[in-house]
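Enquirer: File upload05.txt follows (compact mmCIF, C-alpha atoms):
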```
# COMPACT_ATOMS: atom_id res chain seq x y z
CA ARG B 1 103.69 91.49 89.33
CA LEU B 2 100.80 89.40 88.03
CA GLN B 3 103.09 87.31 85.84
CA LYS B 4 105.41 86.70 88.79
CA LEU B 5 102.47 85.71 91.00
CA LYS B 6 101.24 83.29 88.31
CA GLU B 7 104.67 81.66 87.99
CA MET B 8 104.98 81.24 91.76
CA PHE B 9 101.47 79.78 91.88
CA ILE B 10 102.30 77.19 89.21
CA SER B 11 105.51 76.17 90.97
CA LYS B 12 103.66 75.92 94.29
CA PHE B 13 100.45 74.13 93.25
CA GLY B 14 101.40 72.54 89.92
CA SER B 15 98.63 74.25 87.92
CA ALA B 16 97.65 77.76 86.85
CA PRO B 17 95.28 80.06 88.79
CA LYS B 18 91.75 80.43 87.37
CA PHE B 19 91.22 84.00 88.56
CA TYR B 20 92.67 86.81 90.69
CA ALA B 21 91.14 89.12 93.28
CA ARG B 22 92.49 92.44 94.48
CA ALA B 23 91.52 94.66 97.43
CA PRO B 24 93.25 97.97 98.22
CA GLY B 25 94.48 99.39 101.49
CA ARG B 26 93.22 102.83 102.51
CA VAL B 27 94.29 106.05 104.11
CA ASN B 28 91.79 107.93 106.23
CA LEU B 29 92.14 111.65 105.51
CA ILE B 30 90.00 112.66 108.48
CA GLY B 31 87.54 111.02 110.88
CA GLU B 32 89.53 108.79 113.21
CA HIS B 33 87.85 106.36 115.62
CA ILE B 34 84.34 107.57 114.83
CA ASP B 35 83.03 104.95 112.38
CA TYR B 36 82.17 102.54 115.23
CA CYS B 37 80.34 105.42 116.93
CA GLY B 38 78.08 105.70 113.86
CA TYR B 39 79.70 108.77 112.27
CA ALA B 40 80.78 109.43 108.68
CA VAL B 41 84.47 109.20 107.76
CA LEU B 42 86.52 110.43 104.80
CA PRO B 43 89.01 107.87 103.45
CA MET B 44 90.46 107.07 100.04
CA ALA B 45 91.83 103.80 98.68
CA ILE B 46 95.56 103.69 98.05
CA GLU B 47 97.43 101.92 95.25
CA GLN B 48 99.00 99.39 97.64
CA ASP B 49 96.87 96.25 97.84
CA ILE B 50 96.35 92.58 98.58
CA LEU B 51 96.35 90.40 95.47
CA ILE B 52 95.30 86.73 95.55
CA ALA B 53 95.70 84.14 92.78
CA VAL B 54 93.05 81.42 93.08
CA GLU B 55 92.25 77.97 91.77
CA PRO B 56 89.00 76.34 92.96
CA VAL B 57 89.58 72.63 93.71
CA GLN B 58 87.43 69.50 94.09
CA THR B 59 88.51 68.73 97.66
CA GLN B 60 86.96 70.57 100.56
CA VAL B 61 90.25 72.06 101.67
CA VAL B 62 91.57 75.58 101.42
CA HIS B 63 95.36 75.84 100.96
CA LEU B 64 96.83 79.29 101.68
CA ALA B 65 100.33 80.37 100.74
CA ASN B 66 102.04 83.75 100.79
CA THR B 67 104.73 85.20 98.52
CA ASN B 68 106.37 86.52 101.70
CA SER B 69 108.17 83.55 103.24
CA SER B 70 107.84 84.94 106.77
CA TYR B 71 104.10 84.09 106.55
CA LEU B 72 103.77 80.31 106.83
CA ASP B 73 101.54 78.14 104.64
CA PHE B 74 98.22 77.06 106.11
CA SER B 75 95.56 74.48 105.19
CA THR B 76 92.18 73.69 106.70
CA SER B 77 88.89 72.01 105.87
CA VAL B 78 86.35 74.53 104.56
CA ASN B 79 83.70 72.84 106.69
CA ASN B 80 85.52 73.43 109.93
CA ILE B 81 86.74 77.02 110.12
CA GLN B 82 88.41 77.81 113.46
CA ILE B 83 89.57 81.38 114.02
CA ASN B 84 92.06 81.85 116.82
CA LYS B 85 91.54 85.22 118.52
CA THR B 86 94.48 84.92 120.88
CA LYS B 87 97.19 84.97 118.18
CA PRO B 88 96.02 86.98 115.15
CA GLN B 89 98.05 85.28 112.40
CA TRP B 90 97.74 86.25 108.73
CA HIS B 91 95.62 83.26 107.68
CA ASN B 92 92.98 84.04 110.31
CA TYR B 93 92.07 87.24 108.44
CA PHE B 94 91.55 85.19 105.28
CA LEU B 95 89.36 82.79 107.26
CA CYS B 96 87.23 85.72 108.51
CA GLY B 97 86.30 86.65 104.92
CA LEU B 98 85.74 83.02 103.97
CA LYS B 99 83.52 82.35 106.98
CA GLY B 100 81.51 85.55 106.44
CA ILE B 101 80.48 84.52 102.91
CA GLN B 102 79.91 80.92 103.98
CA GLU B 103 77.54 81.96 106.76
CA HIS B 104 75.74 84.57 104.66
CA PHE B 105 74.74 81.99 102.05
CA GLY B 106 74.52 79.05 104.46
CA LEU B 107 76.97 77.10 102.27
CA ASN B 108 77.10 73.50 103.46
CA ASN B 109 79.83 72.25 101.16
CA PRO B 110 81.78 75.29 100.01
CA THR B 111 84.37 74.95 97.26
CA GLY B 112 87.94 74.22 98.29
CA MET B 113 90.67 76.51 96.94
CA ASN B 114 94.38 76.90 96.36
CA CYS B 115 95.33 80.52 97.05
CA LEU B 116 98.58 82.42 96.76
CA LEU B 117 98.62 85.85 98.31
CA ASP B 118 100.83 88.84 97.58
CA GLY B 119 100.59 92.07 99.57
CA THR B 120 102.14 95.50 99.06
CA ILE B 121 100.47 97.24 102.03
CA PRO B 122 102.99 97.54 104.90
CA PRO B 123 101.59 95.31 107.71
CA SER B 124 100.49 96.84 111.04
CA SER B 125 100.91 100.32 109.58
CA GLY B 126 97.34 101.63 109.97
CA LEU B 127 96.73 101.39 106.22
CA SER B 128 94.25 98.59 106.65
CA SER B 129 96.22 95.58 105.42
CA SER B 130 94.19 93.21 107.58
CA SER B 131 90.80 94.51 106.38
CA ALA B 132 92.02 94.41 102.76
CA LEU B 133 92.87 90.74 103.31
CA VAL B 134 89.42 90.03 104.83
CA CYS B 135 87.75 91.80 101.86
CA CYS B 136 89.89 90.02 99.29
CA ALA B 137 89.12 86.65 100.92
CA GLY B 138 85.39 87.44 100.89
CA LEU B 139 85.59 88.28 97.19
CA VAL B 140 87.57 85.12 96.41
CA THR B 141 85.08 82.89 98.28
CA LEU B 142 82.14 84.57 96.57
CA ARG B 143 83.61 84.00 93.11
CA ALA B 144 84.80 80.42 93.79
CA ASN B 145 81.29 79.46 94.92
CA GLY B 146 79.55 81.13 91.97
CA LYS B 147 77.65 83.65 94.11
CA THR B 148 77.07 87.38 93.62
CA LEU B 149 76.51 90.31 95.99
CA SER B 150 76.51 94.09 95.65
CA LYS B 151 79.58 95.99 96.84
CA VAL B 152 77.59 97.41 99.76
CA GLU B 153 76.49 93.91 100.86
CA LEU B 154 80.06 92.66 100.57
CA ALA B 155 81.36 95.57 102.67
CA GLU B 156 78.76 94.90 105.37
CA ILE B 157 79.49 91.15 105.49
CA CYS B 158 83.26 91.71 105.66
CA THR B 159 82.82 94.29 108.44
CA LYS B 160 80.87 91.78 110.53
CA SER B 161 83.17 88.88 109.75
CA GLU B 162 86.35 90.73 110.76
CA ARG B 163 84.90 90.76 114.28
CA TYR B 164 85.56 86.97 114.43
CA ILE B 165 89.15 87.95 115.19
CA GLY B 166 88.06 90.12 118.11
CA THR B 167 88.38 93.62 116.62
CA GLU B 168 85.22 95.66 117.16
CA GLY B 169 85.67 97.83 114.06
CA GLY B 170 83.10 100.14 112.56
CA GLY B 171 83.20 99.38 108.84
CA MET B 172 85.22 102.20 107.29
CA ASP B 173 88.07 99.98 106.05
CA GLN B 174 85.87 97.38 104.39
CA SER B 175 83.56 100.00 102.86
CA ILE B 176 86.29 102.00 101.16
CA SER B 177 88.01 98.79 100.02
CA PHE B 178 84.89 97.87 98.02
CA LEU B 179 83.35 101.27 97.21
CA ALA B 180 86.46 103.25 96.25
CA GLU B 181 86.76 104.79 92.80
CA GLU B 182 89.86 106.09 91.09
CA GLY B 183 90.47 109.82 91.41
CA THR B 184 88.12 110.56 94.30
CA ALA B 185 88.04 110.22 98.08
CA LYS B 186 84.71 109.16 99.62
CA LEU B 187 82.52 110.36 102.45
CA ILE B 188 81.33 107.06 103.91
CA GLU B 189 78.15 107.12 106.00
CA PHE B 190 76.74 104.21 107.97
CA SER B 191 73.33 102.66 108.60
CA PRO B 192 72.47 102.63 105.79
CA LEU B 193 75.93 102.37 104.22
CA ARG B 194 76.50 104.88 101.44
CA ALA B 195 79.47 106.56 99.78
CA THR B 196 79.60 110.05 98.26
CA ASP B 197 82.44 111.33 96.05
CA VAL B 198 84.66 114.00 97.58
CA ARG B 199 86.89 115.71 95.00
CA LEU B 200 90.15 116.65 96.64
CA PRO B 201 91.51 120.11 95.81
CA SER B 202 94.14 120.46 93.11
CA GLY B 203 97.56 121.79 94.01
CA ALA B 204 98.17 119.39 96.88
CA THR B 205 99.35 115.78 97.18
CA PHE B 206 98.72 113.40 100.07
CA VAL B 207 101.84 111.75 101.45
CA ILE B 208 101.91 108.73 103.72
CA ALA B 209 104.80 108.28 106.16
CA ASN B 210 105.18 105.16 108.28
CA SER B 211 106.40 105.74 111.84
CA CYS B 212 107.81 102.16 111.72
CA VAL B 213 106.09 101.43 115.04
CA GLU B 214 103.89 98.41 114.39
CA MET B 215 100.38 98.32 115.78
CA ASN B 216 98.12 95.31 115.49
CA LYS B 217 94.54 96.17 116.43
CA ALA B 218 93.62 92.58 117.21
CA ALA B 219 96.68 91.99 119.39
CA THR B 220 96.25 94.95 121.74
CA SER B 221 93.39 95.99 123.97
CA HIS B 222 93.80 99.78 123.40
CA TYR B 223 91.40 99.74 120.47
CA ASN B 224 88.63 97.71 122.12
CA ILE B 225 88.93 99.76 125.33
CA ARG B 226 88.16 102.90 123.27
CA VAL B 227 85.12 101.18 121.73
CA THR B 228 83.92 100.31 125.24
CA GLU B 229 84.57 103.83 126.58
CA CYS B 230 82.46 105.29 123.78
CA ARG B 231 79.68 102.79 124.55
CA LEU B 232 79.76 103.70 128.25
CA ALA B 233 79.74 107.44 127.44
CA THR B 234 76.67 106.77 125.25
CA LYS B 235 74.88 105.09 128.17
CA LEU B 236 75.67 107.88 130.67
CA LEU B 237 74.74 110.70 128.28
CA SER B 238 71.47 108.90 127.39
CA LYS B 239 70.55 108.31 131.02
CA SER B 240 71.19 111.95 131.95
CA LYS B 241 68.80 113.04 129.19
CA GLY B 242 66.04 110.60 130.16
CA LEU B 243 66.51 108.38 127.09
CA ASP B 244 66.17 104.59 127.13
CA TRP B 245 69.92 104.12 127.74
CA LYS B 246 69.80 100.32 127.57
CA LYS B 247 68.97 100.51 123.87
CA MET B 248 71.59 103.17 123.05
CA LEU B 249 74.84 101.76 121.72
CA ARG B 250 76.66 104.53 119.84
CA LEU B 251 77.34 108.20 120.43
CA HIS B 252 75.59 108.99 117.13
CA ASP B 253 72.36 107.44 118.53
CA VAL B 254 72.30 110.02 121.36
CA GLN B 255 72.59 112.93 118.93
CA THR B 256 69.89 111.47 116.64
CA LYS B 257 67.48 110.80 119.51
CA LEU B 258 67.96 114.30 120.98
CA GLY B 259 67.76 115.91 117.52
CA VAL B 260 70.57 118.38 118.28
CA SER B 261 73.71 119.55 116.44
CA LEU B 262 77.24 118.24 117.04
CA GLU B 263 78.10 121.59 118.68
CA GLU B 264 75.20 121.10 121.11
CA MET B 265 76.38 117.56 121.84
CA LEU B 266 79.77 118.98 122.83
CA THR B 267 78.02 121.29 125.30
CA ILE B 268 76.07 118.34 126.72
CA VAL B 269 79.34 116.39 127.19
CA GLU B 270 80.72 119.35 129.18
CA GLU B 271 77.59 119.43 131.37
CA VAL B 272 77.16 115.70 131.99
CA LEU B 273 80.59 114.05 132.05
CA HIS B 274 83.62 114.92 134.20
CA PRO B 275 87.21 114.85 132.92
CA GLU B 276 88.46 112.53 135.72
CA PRO B 277 88.38 108.81 134.86
CA TYR B 278 85.28 106.88 135.91
CA SER B 279 85.63 103.77 138.05
CA THR B 280 83.41 100.75 137.37
CA GLU B 281 81.68 101.49 140.72
CA GLU B 282 80.83 105.06 139.67
CA ILE B 283 79.50 103.88 136.29
CA CYS B 284 77.27 101.33 138.06
CA LYS B 285 76.03 104.06 140.41
CA CYS B 286 75.24 106.44 137.53
CA LEU B 287 73.32 103.75 135.65
CA GLY B 288 71.73 102.20 138.74
CA ILE B 289 73.00 98.70 137.97
CA SER B 290 75.18 96.13 139.74
CA LEU B 291 78.79 95.36 138.82
CA GLU B 292 77.57 91.95 137.67
CA GLU B 293 75.07 93.57 135.26
CA LEU B 294 77.74 95.95 133.94
CA ARG B 295 80.09 93.05 133.23
CA SER B 296 77.52 90.74 131.68
CA GLN B 297 75.46 93.27 129.72
CA ILE B 298 77.81 96.09 128.64
CA LEU B 299 81.47 95.10 128.88
CA SER B 300 82.74 92.69 126.24
CA GLN B 301 84.61 89.53 127.25
CA ASN B 302 88.09 91.06 127.00
CA MET B 303 87.14 94.17 129.01
CA GLN B 304 86.21 92.43 132.27
CA ASP B 305 89.43 93.41 134.07
CA VAL B 306 89.53 97.09 133.09
CA SER B 307 88.70 99.17 136.16
CA THR B 308 88.75 102.81 134.96
CA PHE B 309 87.38 104.49 131.85
CA LYS B 310 87.82 107.97 130.36
CA LEU B 311 84.40 108.96 129.05
CA TYR B 312 84.55 112.77 128.79
CA GLN B 313 87.71 112.79 126.64
CA ARG B 314 86.49 110.04 124.28
CA ALA B 315 83.05 111.61 123.70
CA LYS B 316 84.62 115.01 123.17
CA HIS B 317 86.95 113.63 120.52
CA VAL B 318 84.17 111.77 118.69
CA TYR B 319 81.74 114.70 118.45
CA SER B 320 84.43 117.22 117.46
CA GLU B 321 86.00 114.83 114.92
CA ALA B 322 82.57 114.10 113.39
CA ALA B 323 82.12 117.86 112.88
CA ARG B 324 85.59 118.11 111.27
CA VAL B 325 84.68 115.43 108.72
CA LEU B 326 81.58 117.37 107.59
CA GLU B 327 83.57 120.60 107.46
CA PHE B 328 86.29 118.89 105.37
CA GLN B 329 83.67 117.68 102.88
CA LYS B 330 82.07 121.13 102.71
CA ILE B 331 85.42 122.83 101.96
CA CYS B 332 86.19 120.29 99.21
CA ASN B 333 82.75 120.88 97.65
CA GLU B 334 82.82 124.68 97.85
CA ALA B 335 86.55 124.99 96.98
CA PRO B 336 87.20 128.49 98.41
CA ALA B 337 90.49 130.22 97.50
CA ASN B 338 92.05 129.24 100.85
CA ALA B 339 90.74 125.62 100.74
CA LEU B 340 94.16 124.03 101.30
CA GLN B 341 94.84 126.14 104.37
CA LEU B 342 91.42 125.32 105.85
CA LEU B 343 91.79 121.57 105.21
CA GLY B 344 95.30 121.63 106.67
CA ASP B 345 93.98 123.26 109.85
CA LEU B 346 91.32 120.54 110.21
CA MET B 347 93.99 117.83 109.86
CA LYS B 348 96.12 119.50 112.54
CA GLN B 349 93.15 119.80 114.91
CA SER B 350 92.31 116.15 114.30
CA HIS B 351 95.82 115.06 115.30
CA ILE B 352 95.75 117.14 118.48
CA SER B 353 92.40 115.60 119.44
CA CYS B 354 93.69 112.06 118.70
CA ARG B 355 96.77 112.76 120.80
CA GLU B 356 95.16 114.51 123.77
CA MET B 357 91.53 113.40 123.94
CA TYR B 358 91.64 109.91 122.43
CA GLU B 359 95.24 109.16 123.47
CA CYS B 360 95.85 107.01 120.41
CA SER B 361 99.08 108.60 119.24
CA CYS B 362 102.65 107.73 120.32
CA PRO B 363 105.92 109.75 120.57
CA GLU B 364 107.11 108.61 117.12
CA LEU B 365 103.84 109.64 115.42
CA ASP B 366 103.93 113.04 117.14
CA ARG B 367 107.54 113.53 116.07
CA LEU B 368 106.73 112.55 112.48
CA VAL B 369 103.77 114.96 112.34
CA ASP B 370 106.04 117.77 113.63
CA ILE B 371 108.72 116.95 111.04
CA CYS B 372 106.16 116.90 108.20
CA LEU B 373 104.74 120.29 109.25
CA GLN B 374 108.24 121.70 109.67
CA PHE B 375 109.15 120.73 106.09
CA GLY B 376 106.15 122.22 104.35
CA ALA B 377 103.06 120.03 104.91
CA ILE B 378 99.93 122.21 105.13
CA GLY B 379 98.33 119.62 107.41
CA SER B 380 99.48 116.35 108.98
CA ARG B 381 97.92 113.78 111.31
CA LEU B 382 98.05 110.15 112.36
CA THR B 383 95.87 107.89 110.22
CA GLY B 384 94.38 104.51 111.10
CA ALA B 385 93.94 103.25 114.64
CA GLY B 386 97.10 104.93 115.88
CA TRP B 387 99.54 103.79 118.63
CA GLY B 388 101.97 103.39 115.74
CA GLY B 389 101.44 103.06 112.01
CA CYS B 390 101.33 106.02 109.64
CA THR B 391 100.77 109.72 109.27
CA VAL B 392 99.08 111.37 106.31
CA SER B 393 100.18 114.85 105.23
CA MET B 394 98.83 117.30 102.67
CA VAL B 395 101.75 118.79 100.76
CA PRO B 396 101.74 121.48 98.03
CA THR B 397 102.49 119.52 94.84
CA ASP B 398 105.23 121.93 93.77
CA LYS B 399 107.09 121.31 97.05
CA LEU B 400 106.69 117.52 97.03
CA ASN B 401 110.24 116.48 96.10
CA THR B 402 111.93 118.78 98.63
CA PHE B 403 109.43 117.60 101.27
CA LEU B 404 110.18 113.91 100.66
CA LYS B 405 113.93 114.51 100.72
CA ASN B 406 113.81 116.47 104.00
CA VAL B 407 111.49 114.03 105.80
CA LYS B 408 113.70 111.10 104.75
CA LYS B 409 116.71 112.86 106.18
CA ALA B 410 115.06 114.00 109.42
CA TYR B 411 113.09 110.85 110.32
CA TYR B 412 114.37 107.80 108.45
CA GLN B 413 118.08 108.38 108.05
CA THR B 414 118.65 109.02 111.76
CA ASP B 415 117.76 105.43 112.67
CA GLY B 416 119.21 102.21 111.22
CA GLN B 417 115.99 100.25 111.55
CA ARG B 418 113.94 102.91 109.77
CA LEU B 419 116.61 103.37 107.12
CA ALA B 420 116.21 99.73 106.09
CA VAL B 421 112.53 100.22 105.23
CA GLU B 422 112.50 103.87 104.12
CA ASN B 423 111.61 103.09 100.48
CA ASN B 424 108.29 101.48 101.43
CA SER B 425 107.67 103.89 104.29
CA LEU B 426 107.31 107.28 102.64
CA PHE B 427 105.25 107.75 99.49
CA ALA B 428 102.84 110.09 97.76
CA THR B 429 99.47 108.54 96.91
CA LYS B 430 96.34 109.38 94.98
CA PRO B 431 92.82 107.94 95.31
CA GLY B 432 92.79 104.42 93.84
CA ARG B 433 90.05 102.04 92.74
CA GLY B 434 88.16 99.52 94.85
CA ALA B 435 88.28 95.72 95.07
CA LEU B 436 87.72 93.61 91.99
CA VAL B 437 87.99 90.11 90.51
CA PHE B 438 89.65 89.57 87.17
CA VAL B 439 90.41 86.63 84.93
CA GLU B 440 93.67 86.83 83.12
CA ALA B 441 93.18 87.44 79.40
```
Can you dump the structure from the file as structure tokens?
Expert:
Amino acid sequence: RLQKLKEMFISKFGSAPKFYARAPGRVNLIGEHIDYCGYAVLPMAIEQDILIAVEPVQTQVVHLANTNSSYLDFSTSVNNIQINKTKPQWHNYFLCGLKGIQEHFGLNNPTGMNCLLDGTIPPSSGLSSSSALVCCAGLVTLRANGKTLSKVELAEICTKSERYIGTEGGGMDQSISFLAEEGTAKLIEFSPLRATDVRLPSGATFVIANSCVEMNKAATSHYNIRVTECRLATKLLSKSKGLDWKKMLRLHDVQTKLGVSLEEMLTIVEEVLHPEPYSTEEICKCLGISLEELRSQILSQNMQDVSTFKLYQRAKHVYSEAARVLEFQKICNEAPANALQLLGDLMKQSHISCREMYECSCPELDRLVDICLQFGAIGSRLTGAGWGGCTVSMVPTDKLNTFLKNVKKAYYQTDGQRLAVENNSLFATKPGRGALVFVEA
């Protein structure tokens, strides 16, 4: 693959690349939609990745090309980075990483570059192809400008810079892309960012299955609405407990300030919030603010027209999912005899909560989860933002081949469109290594 990339680079730019950067995609085993609420998540890097061949150049222009001809070439001055939020095209994710490094170091005349990109992560599949691209671009820019940063600093910069495209993500994707190590999943905690090894039990393999429903976080408002609903739930819970609600931004902050357990937080949600959707008027009344203040101080720019919010369901999902992550880690560490069964149950509960409380599933994902469980998965759930993308299933290793054959038949071979992409849509994976730069020997 590297040789092929090098040859394409030479035919495209007329000279050889000076170095390469690679950043992996990821699968989140458990802990969906809770990183931006401040809670720990449990992902692992996958073998699929973004690979970029790079040649720093004397001009102050960055030329981007892609081995996939459906992604058009793009060039721009490095001193005038414009990121278009309305149409999230592939090159904008590269520009996010570039701009993040540029701003961090205050680079006035950054180095221009010729870059050729090759990706093996299926796009819009919930396996973090866009974040891998942002991370890879950050790494490339760092190297081309002769700068260094720790992996943690890089992850934090790339998390912030991906927000230039309008996605209010929490940092899981960028963190695992940089901090991953071969052979182990990671518990990733935030503020401060740290990663702890989680050894997955032997006897089971994780299998990713793509629903073939594309979901682009930056192109839809579902994702940012959930972020806003969690922020509003934070404000209402804080106010009801006499906390300084204006300063509280994430559901984790409420728990920390009150000094209670996740179980107790779930009880508080039951007491304070009602299951019926909240109108903007009711939220204003609860907080004692005007609609104008709500819009200018709490709702982001693209949320101004949303008139109802589900707060009870979102908070309930976040606190219960945060507890499942810690339980998952504990089972992996203690490795009881029935570890696989216990982990499988947590994955099933997570999917039900994503489907019913967070409403981020879709009929195809639900069907795929059912098929995977029917054919021998011990646990199965959607992974990534949802509304399309992939499922992750834990399958006994000795049943893997039969499982793959049956799922192919039941899900992919019943539909012409899915059949065309089945080879890249269903695969077993093991924890891969994090992002790196290498110079060809």
Enquirer: Pick from B:Ala204, B:Leu294, B:Met215, B:Met303: nearest to Ser393 (chain B), with only C-alpha atoms counted?
Expert: B:Ala204
Enquirer: Can you tell me, as an mmCIF file with C-alpha atoms, keeping the file's coordinate frame, what residues are no more than 7 Å from region 121-130 of chain B when counting only C-alpha atoms, ignoring any on the same chain fewer than 5 positions away?
Expert:
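Contents of the output file selection29.cif:
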```
data_model
loop_
_atom_site.group_PDB
_atom_site.id
_atom_site.type_symbol
_atom_site.label_atom_id
_atom_site.label_comp_id
_atom_site.auth_asym_id
_atom_site.auth_seq_id
_atom_site.Cartn_x
_atom_site.Cartn_y
_atom_site.Cartn_z
ATOM 1 C CA GLY B 25 94.480 99.390 101.490
ATOM 2 C CA ARG B 26 93.220 102.830 102.510
ATOM 3 C CA VAL B 27 94.290 106.050 104.110
ATOM 4 C CA GLN B 48 99.000 99.390 97.640
ATOM 5 C CA ASP B 49 96.870 96.250 97.840
ATOM 6 C CA TYR B 93 92.070 87.240 108.440
ATOM 7 C CA ASP B 173 88.070 99.980 106.050
ATOM 8 C CA ASN B 210 105.180 105.160 108.280
ATOM 9 C CA GLU B 214 103.890 98.410 114.390
ATOM 10 C CA MET B 215 100.380 98.320 115.780
ATOM 11 C CA ASN B 216 98.120 95.310 115.490
ATOM 12 C CA THR B 383 95.870 107.890 110.220
ATOM 13 C CA GLY B 384 94.380 104.510 111.100
ATOM 14 C CA ALA B 385 93.940 103.250 114.640
ATOM 15 C CA GLY B 386 97.100 104.930 115.880
ATOM 16 C CA GLY B 388 101.970 103.390 115.740
ATOM 17 C CA GLY B 389 101.440 103.060 112.010
ATOM 18 C CA CYS B 390 101.330 106.020 109.640
#
```
Enquirer: Identify which of the residues B:Ser300, B:Leu236, B:Asp345, B:Glu271 lies closest to Gly288 (chain B), counting all atoms listed in the file when measuring atom-to-atom distances.
Expert: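 Closest candidate: B:Leu236.
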Enquirer: Nearest to Ala40 (chain B) among B:Leu2, B:Ala322, B:Leu340, B:Ile371, with distances taken over all atoms listed in the file: which residue is it?
Expert: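 Closest residue, counting all atoms listed in the file: B:Ala322.
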Enquirer: Would you mind listing what lies within 12 Å of Thr267 (chain B) as a VMD selection string, with only C-alpha atoms counted and same-chain residues fewer than 3 positions away left out?
Expert: chain B and resid 237 255 260 to 264 270 to 273 312 315 to 316 319 to 320
Enquirer: Identify which of the residues B:His63, B:Arg231, B:His274, B:Arg314 lies closest to Met113 (chain B), counting all atoms listed in the file when measuring atom-to-atom distances.
Expert: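 Using all atoms listed in the file, Met113 (chain B) sits closest to B:His63.
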Enquirer: Could you please give me, as number ranges by chain, the residues of protein, DNA or RNA lying at most 12 Å from (77.9, 103.3, 127.9) in the coordinate frame of the file, considering only C-alpha atoms?
Expert: B: 37, 225-240, 244-251, 253-254, 273, 278, 280, 283-284, 286-287, 294-295, 297-300, 309-312, 314-315
Enquirer: Could you produce a table of the residues of region 14-42 of chain B lying within 7 Å of region 188-193 of chain B, with the nearest pair of atoms per residue and their separation in Å rounded to one decimal, using all atoms listed in the file, ordered by chain and increasing residue number, as a Markdown table?
Expert:
```
| residue | atom | partner | partner_atom | distance |
| --- | --- | --- | --- | --- |
| B:Gly38 | CA | B:Phe190 | CA | 6.2 |
| B:Tyr39 | CA | B:Glu189 | CA | 6.7 |
| B:Ala40 | CA | B:Glu189 | CA | 4.4 |
| B:Val41 | CA | B:Ile188 | CA | 5.4 |
| B:Leu42 | CA | B:Ile188 | CA | 6.3 |
```
Enquirer: Which of these, B:Pro336, B:Gly100, B:Gly170, B:Gly119, has the shortest distance to Gly31 (chain B) once you count all atoms listed in the file?
Expert: B:Gly170
